[in-house]
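Below is one structure; the comments refer to it alone.
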Amino acid sequence: MNLFSNIKGDISGALSAAIITLPMCIGYGIIVFAPLGVEYAPQAAMTGIYSAVFAGFLASFFGGNPIQITGPKALLMFVQLSVVEGLAKSPHIPADSEYRYVVIVGLASVPVFIAGVFQIVFASLRLGNLTKYVPHPVVAGFTNAIGILLITRQIRPLLGADTTASLVSVMNQITTIQPMTLLVGLITLAALYLSRHFIKVIPASLTALAVGTGMYYVLTIFMNPSSLGPIIGTIRFEWPRPDIFLQLCHMGCMNMIQIFLPDLIITGLFIALLSAMETLLSSVTSDNLTGNRHNSKRELFGQGIGNIVTSFFGSLAAAGSVPRTMANFKAGGSTPLSGMMCGLFIFLIMMAMGPMVGKVPMTVIAGILIAVGISLFDKWTINFIRNNPFKQRRDVLINFLVTLIVTVVMVSVDTILAVEIGMATASALFVSKMGKSVIKRKYFGEQFHSKKMRSPEHSEILIRNGRRIIVFELQGPIFFGSAENLAKDVESAMGNAVYCILDMKRVNEIDSTGANIILQISKSIEKCGKYLLISYLRENGSLWEFLKVMDVVRNLDKEMVFPDTDRALEWAEDHLLEYRECRKNSYMSYFLSKIPFRRLSEPPEFAALKEYKTLIWDVFLDDEKFGAQLPAVSEGGAGNCNGVRPEQMEIVKGFTPQELAEFMQRLIRRTYKKGEAVFREGDPGEDLFLLTKGSVSVKIQLKESDRFKRLITFSPGVIFGEVALLDGKPRSADVWAEEDAEVYRLSLNDFELLRTEKPQVVIKLLLNIAKEFSRNLRRISNEVRALEDT
């Protein structure tokens, strides 16, 4: 898509994303450099702004996701915060140094630079997909911990308490709490949630910012501003200079870089991995919105360039953001220009309104960030806790335990250690569950058919179009190590296929990542106008219940969940035949209406219709046949999909008109209601049946389980009962009407009369029955060969 092909929509999307991004950038910058003291809040706020401006612009320009919005992220913020806290406590940086702020900001920017280099390396080596294998429980632990940390770190500014004091000491000294400061923060929080439900036109964060700040300054009329808590402070906008590393060199701090370099490299690697994970997660979400696929290599390269450049300005690490990207798309953004303009809009807002932004109360920022922290809690974790954790499956409990460990370590110990434990846990889980490919066998509908016997015409259509139906037989566990490959295999194999069947008979386990992948496959196939059919899922109680817990069942079309693969194949075949038949009738009705009622020796109107050439030529053989068939074709539409006439069936192929008339006189028409027995096992075998409407199934009764098993289903145009007619033995199975059915019956007595009086009719009849046997044997041998080959 051209960069300037959607300027109006991109401007709207960029402005919407900028409004959402701006408060978070300010808040994240203040949090990262809070250990240096509240007096540095204005400068700290600008570090978040520069990240959104420079990283956001460059990541969009060089990246591979056209609607991605890049900026500071909560997870990266806490990693960088751990670096700042360590530097602030380090004896190598004197607390009374006048250059202390510049030194710490410069050193904290080094891992951002290193992260950018790693991301470019990941892109060059195509290692971006490795981040997709981080299991969902580990990611859930990170997001839960971030939510908790974000909320707890904003409680002190929300209460108007000393930000350098511990939370426990604040709670022990209630007198330090400022009630009116708390009131303004709570009003901000309430305004944000109410805005999400009632004022959807304006971004909720902007509404909350305006309401909270307005309330703050209304209250200053009646009371001392000091009782309402501090504001951000005076922001003097200066043109940003990419000289933070030059300043370190001029101050002779290269020895400090050498001291901290090992830790900074490790931190840079973690920031690179987490940034890639956040970015690719956002990219997958945007793919679901747009229906397109992002370029992972280019996207990581763009993110790397963005982080390298933004590090020179002493700002925060950046990554793609799901909420901001969604806001951009919903407001009309569709090209990289939207992400580039989002950064420019933030820059212009700060140039024009920097002093006003500095007057925003800290408690208002705290209220907005607390809402962000609440939204970060993982939904799967919340649902798990709600649904009686002690009654869950063992594997579900293990997933939750992993999430809990990562969360506790990150909250109580250290962010870097939590990342290390999370990655180690991911590797351990991956190794423990590594096994064979989850796809046992893959085959197409041209190789293997359902148990529904069809007319030769329909069987030929299914053979020609069989590759539109693809079946995946799955086995073993569908987990984070194999789920992504399953999604890729399904996507690449679909091609011209329209119907995808997942046979889950041999699947013994699904984890949360696998459940999410199944949902993604369903949405992806549905978005392409195709069909996903799943078999044996409901019959596996444990899998079905787990998918209910994961909220997957609710999002699946339950009509596309079948008890076995044969039923799924039958549905796909019926749907394909009905579509083609009805489309053919529509085309025939149109073209026949354009042709005069006269004999045509060579109809040029149908020269291009190769698919219908034989049918059309038969119609024009004589005027009487043409006139008789025209109404049925032009009016039939979908109705003709459900029935045939006896004279159209293959069983009478080769009969002369006189022989056909003789044969038709011997047939007796019968109808059966749905669920009615045509004949039962053990009945005398005396009749041959021609099925013209509806469908019937051959079933046998299983004595031990006291249930019926379907062997085969017959559709219109098929004969049945011929074996008993020929050998004279009793029926070996039941035949039941699956729907209202119409049959024509040839009794044994009429058959014997035909054999005596019209032997040539019986010879042709038996020859056609033999051809039917041969066709069925060929079909069975082809299916066996296909199963063995795959």
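Letters A, B, ... go to the chains of the structure tokens in the order shown; residues in each chain start at 1; ligands are counted from 1 in the same order.
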### Query
Hey, what's within 7 Å of Leu543 in chain A if we count only C-alpha atoms and toss same-chain stuff fewer than 3 positions away? As a list in words, please?
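Once the nearby chain positions are removed, what remains is Glu509, Ile510, Leu537, Asn540, Phe546 and Leu547 of chain A.
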### Message
For a quick check of understanding, using only C-alpha atoms, which of A:Ala59, A:Val138, A:Val553, A:Leu748 has the smallest distance to Asn399 in chain A?
### Response
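Smallest separation from Asn399 in chain A among the options: A:Val138.
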### Query
Can you list, as a list in words, every protein, DNA or RNA residue that comes within 8 Å of range 56-58 of chain A when you count only C-alpha atoms, leaving out same-chain residues fewer than 2 positions away?
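The neighbour list is Ser51, Ala52, Val53, Phe54, Ser60, Phe61, Phe62, Gly63, Ile69, Thr70, Gly71, Gly302, Gln303, Ile305, Gly306, Ala318, Gly339, Met340, Met341, Cys342, Gly343 and Leu344 of chain A.
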### Task
Using only C-alpha atoms, determine which residues lie at most 12 Å from Ile469 in chain A, disregarding the query and same-chain residues fewer than 6 positions distant; provide the list as a PyMOL selection string.
chain A and resi 442-450+462-463+493-502+530-533+568-577
For the selection you just gave me, I'd like the residues written to a file as a JSON list (two decimals), in the first residue's frame, keeping N, CA and C atoms.
```json
[["chain", "number", "residue", "atom", "x", "y", "z"],
["A", 442, "LYS", "N", -2.04, -36.11, 6.83],
["A", 442, "LYS", "CA", -2.79, -35.09, 6.11],
["A", 442, "LYS", "C", -3.24, -35.66, 4.78],
["A", 443, "TYR", "N", -4.51, -35.51, 4.47],
["A", 443, "TYR", "CA", -4.99, -35.99, 3.17],
["A", 443, "TYR", "C", -6.13, -35.10, 2.68],
["A", 444, "PHE", "N", -6.42, -35.22, 1.38],
["A", 444, "PHE", "CA", -7.43, -34.38, 0.75],
["A", 444, "PHE", "C", -8.69, -35.18, 0.44],
["A", 445, "GLY", "N", -9.75, -34.45, 0.15],
["A", 445, "GLY", "CA", -11.04, -35.08, -0.13],
["A", 445, "GLY", "C", -11.06, -35.88, -1.41],
["A", 446, "GLU", "N", -10.08, -35.68, -2.30],
["A", 446, "GLU", "CA", -10.02, -36.48, -3.51],
["A", 446, "GLU", "C", -9.49, -37.88, -3.24],
["A", 447, "GLN", "N", -8.80, -38.04, -2.11],
["A", 447, "GLN", "CA", -8.21, -39.33, -1.76],
["A", 447, "GLN", "C", -9.11, -40.15, -0.85],
["A", 448, "PHE", "N", -9.87, -39.46, -0.03],
["A", 448, "PHE", "CA", -10.66, -40.15, 0.99],
["A", 448, "PHE", "C", -12.03, -39.49, 1.08],
["A", 449, "HIS", "N", -13.08, -40.29, 0.99],
["A", 449, "HIS", "CA", -14.44, -39.76, 1.00],
["A", 449, "HIS", "C", -15.18, -40.21, 2.25],
["A", 450, "SER", "N", -16.30, -39.58, 2.50],
["A", 450, "SER", "CA", -17.13, -39.98, 3.64],
["A", 450, "SER", "C", -17.85, -41.29, 3.32],
["A", 462, "LEU", "N", -16.67, -34.67, -6.76],
["A", 462, "LEU", "CA", -15.87, -34.70, -5.53],
["A", 462, "LEU", "C", -14.41, -35.07, -5.82],
["A", 463, "ILE", "N", -14.20, -35.94, -6.80],
["A", 463, "ILE", "CA", -12.82, -36.30, -7.16],
["A", 463, "ILE", "C", -12.12, -35.11, -7.79],
["A", 493, "ALA", "N", -1.10, -25.13, 3.97],
["A", 493, "ALA", "CA", -1.74, -26.24, 3.26],
["A", 493, "ALA", "C", -3.10, -25.87, 2.70],
["A", 494, "MET", "N", -3.73, -24.84, 3.26],
["A", 494, "MET", "CA", -5.08, -24.50, 2.81],
["A", 494, "MET", "C", -5.07, -24.16, 1.32],
["A", 495, "GLY", "N", -4.23, -23.19, 0.89],
["A", 495, "GLY", "CA", -4.15, -22.87, -0.52],
["A", 495, "GLY", "C", -5.52, -22.69, -1.15],
["A", 496, "ASN", "N", -5.88, -23.60, -2.07],
["A", 496, "ASN", "CA", -7.18, -23.55, -2.73],
["A", 496, "ASN", "C", -8.26, -24.28, -1.93],
["A", 497, "ALA", "N", -7.88, -24.88, -0.81],
["A", 497, "ALA", "CA", -8.85, -25.61, -0.01],
["A", 497, "ALA", "C", -9.86, -24.64, 0.61],
["A", 498, "VAL", "N", -11.07, -25.12, 0.77],
["A", 498, "VAL", "CA", -12.15, -24.32, 1.35],
["A", 498, "VAL", "C", -12.57, -24.89, 2.70],
["A", 499, "TYR", "N", -12.41, -26.22, 2.86],
["A", 499, "TYR", "CA", -12.85, -26.88, 4.09],
["A", 499, "TYR", "C", -11.65, -27.52, 4.77],
["A", 500, "CYS", "N", -11.41, -27.15, 6.00],
["A", 500, "CYS", "CA", -10.31, -27.71, 6.80],
["A", 500, "CYS", "C", -10.91, -28.50, 7.95],
["A", 501, "ILE", "N", -10.55, -29.78, 8.05],
["A", 501, "ILE", "CA", -11.05, -30.65, 9.11],
["A", 501, "ILE", "C", -9.89, -31.01, 10.04],
["A", 502, "LEU", "N", -10.05, -30.71, 11.31],
["A", 502, "LEU", "CA", -9.07, -31.11, 12.32],
["A", 502, "LEU", "C", -9.61, -32.33, 13.05],
["A", 530, "LYS", "N", -13.78, -19.26, 4.57],
["A", 530, "LYS", "CA", -13.67, -20.72, 4.49],
["A", 530, "LYS", "C", -14.24, -21.35, 5.76],
["A", 531, "TYR", "N", -14.10, -22.68, 5.88],
["A", 531, "TYR", "CA", -14.78, -23.39, 6.96],
["A", 531, "TYR", "C", -13.80, -24.27, 7.72],
["A", 532, "LEU", "N", -13.84, -24.16, 9.04],
["A", 532, "LEU", "CA", -13.07, -25.04, 9.92],
["A", 532, "LEU", "C", -14.03, -26.01, 10.59],
["A", 533, "LEU", "N", -13.77, -27.31, 10.42],
["A", 533, "LEU", "CA", -14.59, -28.35, 11.03],
["A", 533, "LEU", "C", -13.70, -29.15, 11.97],
["A", 568, "ALA", "N", -17.90, -34.99, 9.55],
["A", 568, "ALA", "CA", -17.35, -33.72, 9.08],
["A", 568, "ALA", "C", -17.10, -33.76, 7.58],
["A", 569, "LEU", "N", -16.54, -34.88, 7.08],
["A", 569, "LEU", "CA", -16.32, -35.04, 5.65],
["A", 569, "LEU", "C", -17.64, -34.98, 4.89],
["A", 570, "GLU", "N", -18.65, -35.65, 5.44],
["A", 570, "GLU", "CA", -19.96, -35.66, 4.78],
["A", 570, "GLU", "C", -20.53, -34.24, 4.67],
["A", 571, "TRP", "N", -20.39, -33.46, 5.76],
["A", 571, "TRP", "CA", -20.91, -32.09, 5.72],
["A", 571, "TRP", "C", -20.18, -31.27, 4.66],
["A", 572, "ALA", "N", -18.85, -31.40, 4.60],
["A", 572, "ALA", "CA", -18.07, -30.65, 3.63],
["A", 572, "ALA", "C", -18.44, -31.05, 2.20],
["A", 573, "GLU", "N", -18.60, -32.36, 1.97],
["A", 573, "GLU", "CA", -18.98, -32.83, 0.63],
["A", 573, "GLU", "C", -20.36, -32.32, 0.24],
["A", 574, "ASP", "N", -21.33, -32.41, 1.18],
["A", 574, "ASP", "CA", -22.68, -31.92, 0.90],
["A", 574, "ASP", "C", -22.66, -30.44, 0.55],
["A", 575, "HIS", "N", -21.90, -29.69, 1.34],
["A", 575, "HIS", "CA", -21.85, -28.24, 1.13],
["A", 575, "HIS", "C", -21.21, -27.92, -0.22],
["A", 576, "LEU", "N", -20.14, -28.62, -0.55],
["A", 576, "LEU", "CA", -19.47, -28.38, -1.83],
["A", 576, "LEU", "C", -20.39, -28.72, -2.99],
["A", 577, "LEU", "N", -21.07, -29.88, -2.92],
["A", 577, "LEU", "CA", -21.97, -30.30, -4.00],
["A", 577, "LEU", "C", -23.15, -29.35, -4.13]]
```
### Nearby residues (only C-alpha atoms) at most 12 Å from Ser195 in chain A, same-chain spacing under 4 positions excluded, as a list of chain:residue names
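The residues that qualify are A:Ile187, A:Thr188, A:Leu189, A:Ala190, A:Ala191, A:Ile199, A:Lys200, A:Val201, A:Ile202, A:Pro203, A:Ala204, A:Ser205, A:Leu206, A:Thr207, A:Ala208, A:Leu209, A:Ala210, A:Val211.
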Shell around range 652-659 of chain A at 12 Å using only C-alpha atoms, local window under 2 positions removed, as a short mmCIF file (atom, residue, chain, number, x, y, z; two decimals) with N, CA and C atoms, in the first residue's frame:
```cif
data_model
loop_
_atom_site.label_atom_id
_atom_site.label_comp_id
_atom_site.auth_asym_id
_atom_site.auth_seq_id
_atom_site.Cartn_x
_atom_site.Cartn_y
_atom_site.Cartn_z
N PRO A 456 -22.64 -41.41 -9.47
CA PRO A 456 -21.36 -41.26 -10.18
C PRO A 456 -21.05 -39.82 -10.55
N ARG A 645 -34.37 -38.14 -10.80
CA ARG A 645 -35.44 -39.01 -11.29
C ARG A 645 -34.86 -40.36 -11.65
N PRO A 646 -35.63 -41.44 -11.56
CA PRO A 646 -35.09 -42.79 -11.85
C PRO A 646 -34.43 -42.88 -13.22
N GLU A 647 -35.02 -42.21 -14.23
CA GLU A 647 -34.47 -42.30 -15.58
C GLU A 647 -33.14 -41.57 -15.72
N GLN A 648 -32.76 -40.76 -14.73
CA GLN A 648 -31.48 -40.05 -14.77
C GLN A 648 -30.35 -40.84 -14.10
N MET A 649 -30.67 -41.97 -13.48
CA MET A 649 -29.69 -42.69 -12.68
C MET A 649 -28.79 -43.57 -13.55
N GLU A 650 -27.61 -43.87 -13.06
CA GLU A 650 -26.64 -44.68 -13.78
C GLU A 650 -27.11 -46.12 -13.95
N ALA A 661 -38.92 -47.62 -20.54
CA ALA A 661 -40.34 -47.62 -20.23
C ALA A 661 -40.75 -48.94 -19.59
N GLU A 662 -40.24 -50.05 -20.12
CA GLU A 662 -40.55 -51.37 -19.55
C GLU A 662 -40.05 -51.45 -18.10
N PHE A 663 -38.85 -50.95 -17.87
CA PHE A 663 -38.27 -51.01 -16.52
C PHE A 663 -39.04 -50.13 -15.54
N MET A 664 -39.42 -48.93 -16.00
CA MET A 664 -40.13 -48.00 -15.12
C MET A 664 -41.48 -48.54 -14.70
N GLN A 665 -42.12 -49.31 -15.57
CA GLN A 665 -43.44 -49.87 -15.23
C GLN A 665 -43.35 -50.86 -14.07
N ARG A 666 -42.20 -51.45 -13.88
CA ARG A 666 -42.03 -52.45 -12.82
C ARG A 666 -41.71 -51.82 -11.45
N LEU A 690 -33.99 -47.94 -5.56
CA LEU A 690 -33.40 -46.78 -6.24
C LEU A 690 -33.75 -45.54 -5.42
N GLY A 717 -29.63 -40.92 -6.31
CA GLY A 717 -28.90 -41.41 -7.47
C GLY A 717 -28.19 -42.71 -7.22
N VAL A 718 -28.32 -43.29 -6.01
CA VAL A 718 -27.61 -44.51 -5.62
C VAL A 718 -28.62 -45.63 -5.43
N ILE A 719 -28.20 -46.85 -5.73
CA ILE A 719 -29.04 -48.03 -5.48
C ILE A 719 -28.55 -48.74 -4.23
N LEU A 754 -38.91 -59.70 -15.60
CA LEU A 754 -38.06 -59.03 -16.58
C LEU A 754 -37.04 -59.99 -17.16
N GLU A 757 -39.09 -62.17 -19.64
CA GLU A 757 -39.72 -61.50 -20.78
C GLU A 757 -38.76 -60.55 -21.51
N LYS A 758 -37.90 -59.84 -20.76
CA LYS A 758 -36.99 -58.87 -21.34
C LYS A 758 -35.57 -59.13 -20.87
N PRO A 759 -34.97 -60.22 -21.30
CA PRO A 759 -33.63 -60.55 -20.78
C PRO A 759 -32.59 -59.48 -21.07
N GLN A 760 -32.75 -58.76 -22.22
CA GLN A 760 -31.77 -57.72 -22.54
C GLN A 760 -31.79 -56.60 -21.51
N VAL A 761 -32.96 -56.34 -20.89
CA VAL A 761 -33.06 -55.31 -19.84
C VAL A 761 -32.29 -55.75 -18.60
N VAL A 762 -32.48 -57.02 -18.24
CA VAL A 762 -31.81 -57.55 -17.04
C VAL A 762 -30.31 -57.60 -17.26
N ILE A 763 -29.88 -57.94 -18.48
CA ILE A 763 -28.44 -57.98 -18.77
C ILE A 763 -27.82 -56.59 -18.56
N LYS A 764 -28.48 -55.58 -19.11
CA LYS A 764 -27.97 -54.21 -18.94
C LYS A 764 -28.04 -53.78 -17.47
N LEU A 765 -29.11 -54.20 -16.78
CA LEU A 765 -29.25 -53.86 -15.36
C LEU A 765 -28.11 -54.47 -14.54
N LEU A 766 -27.84 -55.75 -14.79
CA LEU A 766 -26.76 -56.42 -14.05
C LEU A 766 -25.40 -55.82 -14.41
N LEU A 767 -25.23 -55.45 -15.67
CA LEU A 767 -23.97 -54.83 -16.07
C LEU A 767 -23.76 -53.51 -15.33
N ASN A 768 -24.82 -52.73 -15.20
CA ASN A 768 -24.70 -51.46 -14.47
C ASN A 768 -24.47 -51.68 -12.98
N ILE A 769 -25.09 -52.73 -12.42
CA ILE A 769 -24.83 -53.07 -11.01
C ILE A 769 -23.37 -53.48 -10.82
N LYS A 771 -20.87 -52.49 -12.66
CA LYS A 771 -20.08 -51.25 -12.73
C LYS A 771 -20.12 -50.50 -11.40
N GLU A 772 -21.29 -50.53 -10.74
CA GLU A 772 -21.40 -49.87 -9.44
C GLU A 772 -20.51 -50.55 -8.41
#
```
### Query
What lies within 10 Å of range 291-293 of chain A using only C-alpha atoms, ignoring chain neighbours under 2 positions off, as a list in words?
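Counting only C-alpha atoms, the residues come to Gly64, Asn65, Pro66, Ser283, Val284, Thr285, Ser286, Asp287, Asn288, Leu289, Asn295, Ser296, Ser524, Lys527 and Cys528 of chain A.
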What does the file look like for those residues with all heavy atoms, as a compact mmCIF listing (two decimals), in the first residue's frame?
```txt
# COMPACT_ATOMS: atom_id res chain seq x y z
N GLY A 64 7.74 -3.62 9.44
CA GLY A 64 6.98 -4.47 8.53
C GLY A 64 5.53 -4.63 8.90
O GLY A 64 4.85 -5.53 8.40
N ASN A 65 5.03 -3.76 9.80
CA ASN A 65 3.62 -3.78 10.16
C ASN A 65 3.05 -2.38 9.93
O ASN A 65 3.39 -1.45 10.66
CB ASN A 65 3.45 -4.19 11.62
CG ASN A 65 1.99 -4.30 12.04
OD1 ASN A 65 1.08 -4.00 11.26
ND2 ASN A 65 1.75 -4.73 13.26
N PRO A 66 2.21 -2.19 8.93
CA PRO A 66 1.81 -0.83 8.53
C PRO A 66 1.01 -0.05 9.57
O PRO A 66 0.99 1.17 9.51
CB PRO A 66 0.97 -1.06 7.27
CG PRO A 66 0.54 -2.48 7.34
CD PRO A 66 1.62 -3.21 8.06
N SER A 283 1.80 -7.37 16.53
CA SER A 283 1.71 -7.58 15.08
C SER A 283 0.70 -8.66 14.74
O SER A 283 -0.06 -8.54 13.78
CB SER A 283 3.09 -7.95 14.52
OG SER A 283 4.01 -6.89 14.71
N VAL A 284 0.68 -9.75 15.53
CA VAL A 284 -0.30 -10.82 15.30
C VAL A 284 -1.71 -10.29 15.51
O VAL A 284 -2.64 -10.60 14.75
CB VAL A 284 -0.02 -12.01 16.23
CG1 VAL A 284 -1.16 -13.03 16.17
CG2 VAL A 284 1.29 -12.68 15.86
N THR A 285 -1.89 -9.47 16.55
CA THR A 285 -3.21 -8.88 16.80
C THR A 285 -3.63 -7.99 15.64
O THR A 285 -4.79 -8.02 15.20
CB THR A 285 -3.17 -8.06 18.09
OG1 THR A 285 -2.76 -8.89 19.18
CG2 THR A 285 -4.55 -7.48 18.41
N SER A 286 -2.70 -7.20 15.12
CA SER A 286 -3.03 -6.33 14.00
C SER A 286 -3.33 -7.13 12.74
O SER A 286 -4.14 -6.72 11.91
CB SER A 286 -1.89 -5.33 13.74
OG SER A 286 -0.73 -6.00 13.33
N ASP A 287 -2.67 -8.30 12.57
CA ASP A 287 -2.98 -9.17 11.43
C ASP A 287 -4.44 -9.61 11.47
O ASP A 287 -5.12 -9.68 10.45
CB ASP A 287 -2.08 -10.40 11.44
CG ASP A 287 -0.65 -10.07 11.05
OD1 ASP A 287 -0.41 -8.94 10.57
OD2 ASP A 287 0.23 -10.92 11.24
N ASN A 288 -4.92 -9.92 12.68
CA ASN A 288 -6.33 -10.32 12.83
C ASN A 288 -7.26 -9.17 12.48
O ASN A 288 -8.39 -9.39 12.02
CB ASN A 288 -6.59 -10.81 14.25
CG ASN A 288 -5.86 -12.10 14.56
OD1 ASN A 288 -5.59 -12.89 13.66
ND2 ASN A 288 -5.53 -12.32 15.82
N LEU A 289 -6.81 -7.93 12.74
CA LEU A 289 -7.65 -6.77 12.43
C LEU A 289 -7.69 -6.49 10.93
O LEU A 289 -8.76 -6.23 10.37
CB LEU A 289 -7.11 -5.53 13.16
CG LEU A 289 -7.22 -5.50 14.69
CD1 LEU A 289 -6.50 -4.29 15.24
CD2 LEU A 289 -8.67 -5.47 15.13
N ASN A 295 5.51 -8.53 8.27
CA ASN A 295 6.85 -9.03 7.96
C ASN A 295 7.67 -8.97 9.25
O ASN A 295 8.12 -7.89 9.65
CB ASN A 295 7.48 -8.17 6.86
CG ASN A 295 8.82 -8.72 6.38
OD1 ASN A 295 9.61 -9.24 7.17
ND2 ASN A 295 9.08 -8.59 5.09
N SER A 296 7.86 -10.11 9.90
CA SER A 296 8.54 -10.15 11.20
C SER A 296 9.97 -9.63 11.10
O SER A 296 10.45 -8.92 11.99
CB SER A 296 8.55 -11.57 11.76
OG SER A 296 7.24 -12.03 11.99
N SER A 524 -8.88 -17.09 11.55
CA SER A 524 -8.18 -16.86 10.29
C SER A 524 -8.92 -17.50 9.12
O SER A 524 -9.10 -16.89 8.07
CB SER A 524 -6.76 -17.41 10.38
OG SER A 524 -6.10 -17.32 9.15
N LYS A 527 -12.22 -15.71 8.48
CA LYS A 527 -12.02 -14.40 7.85
C LYS A 527 -11.82 -14.55 6.35
O LYS A 527 -12.15 -13.65 5.58
CB LYS A 527 -10.81 -13.71 8.49
CG LYS A 527 -10.61 -12.27 8.02
CD LYS A 527 -9.54 -11.59 8.86
CE LYS A 527 -10.01 -11.35 10.27
NZ LYS A 527 -9.06 -10.59 11.10
N CYS A 528 -11.28 -15.67 5.90
CA CYS A 528 -11.08 -15.91 4.48
C CYS A 528 -12.34 -16.45 3.81
O CYS A 528 -12.30 -16.79 2.61
CB CYS A 528 -9.94 -16.90 4.26
SG CYS A 528 -8.33 -16.29 4.82
```
### Query
Residues of range 302-485 of chain A in alpha helix (DSSP H) according to DSSP, as a ChimeraX atom specification?
/A:302-311,322-330,336-358,362-376,379-386,394-412,415-433,456-464,480-485
### Interatomic distance (Å, one decimal) between CA of Leu150 in chain A and CA of Met351 in chain A
28.1 Å
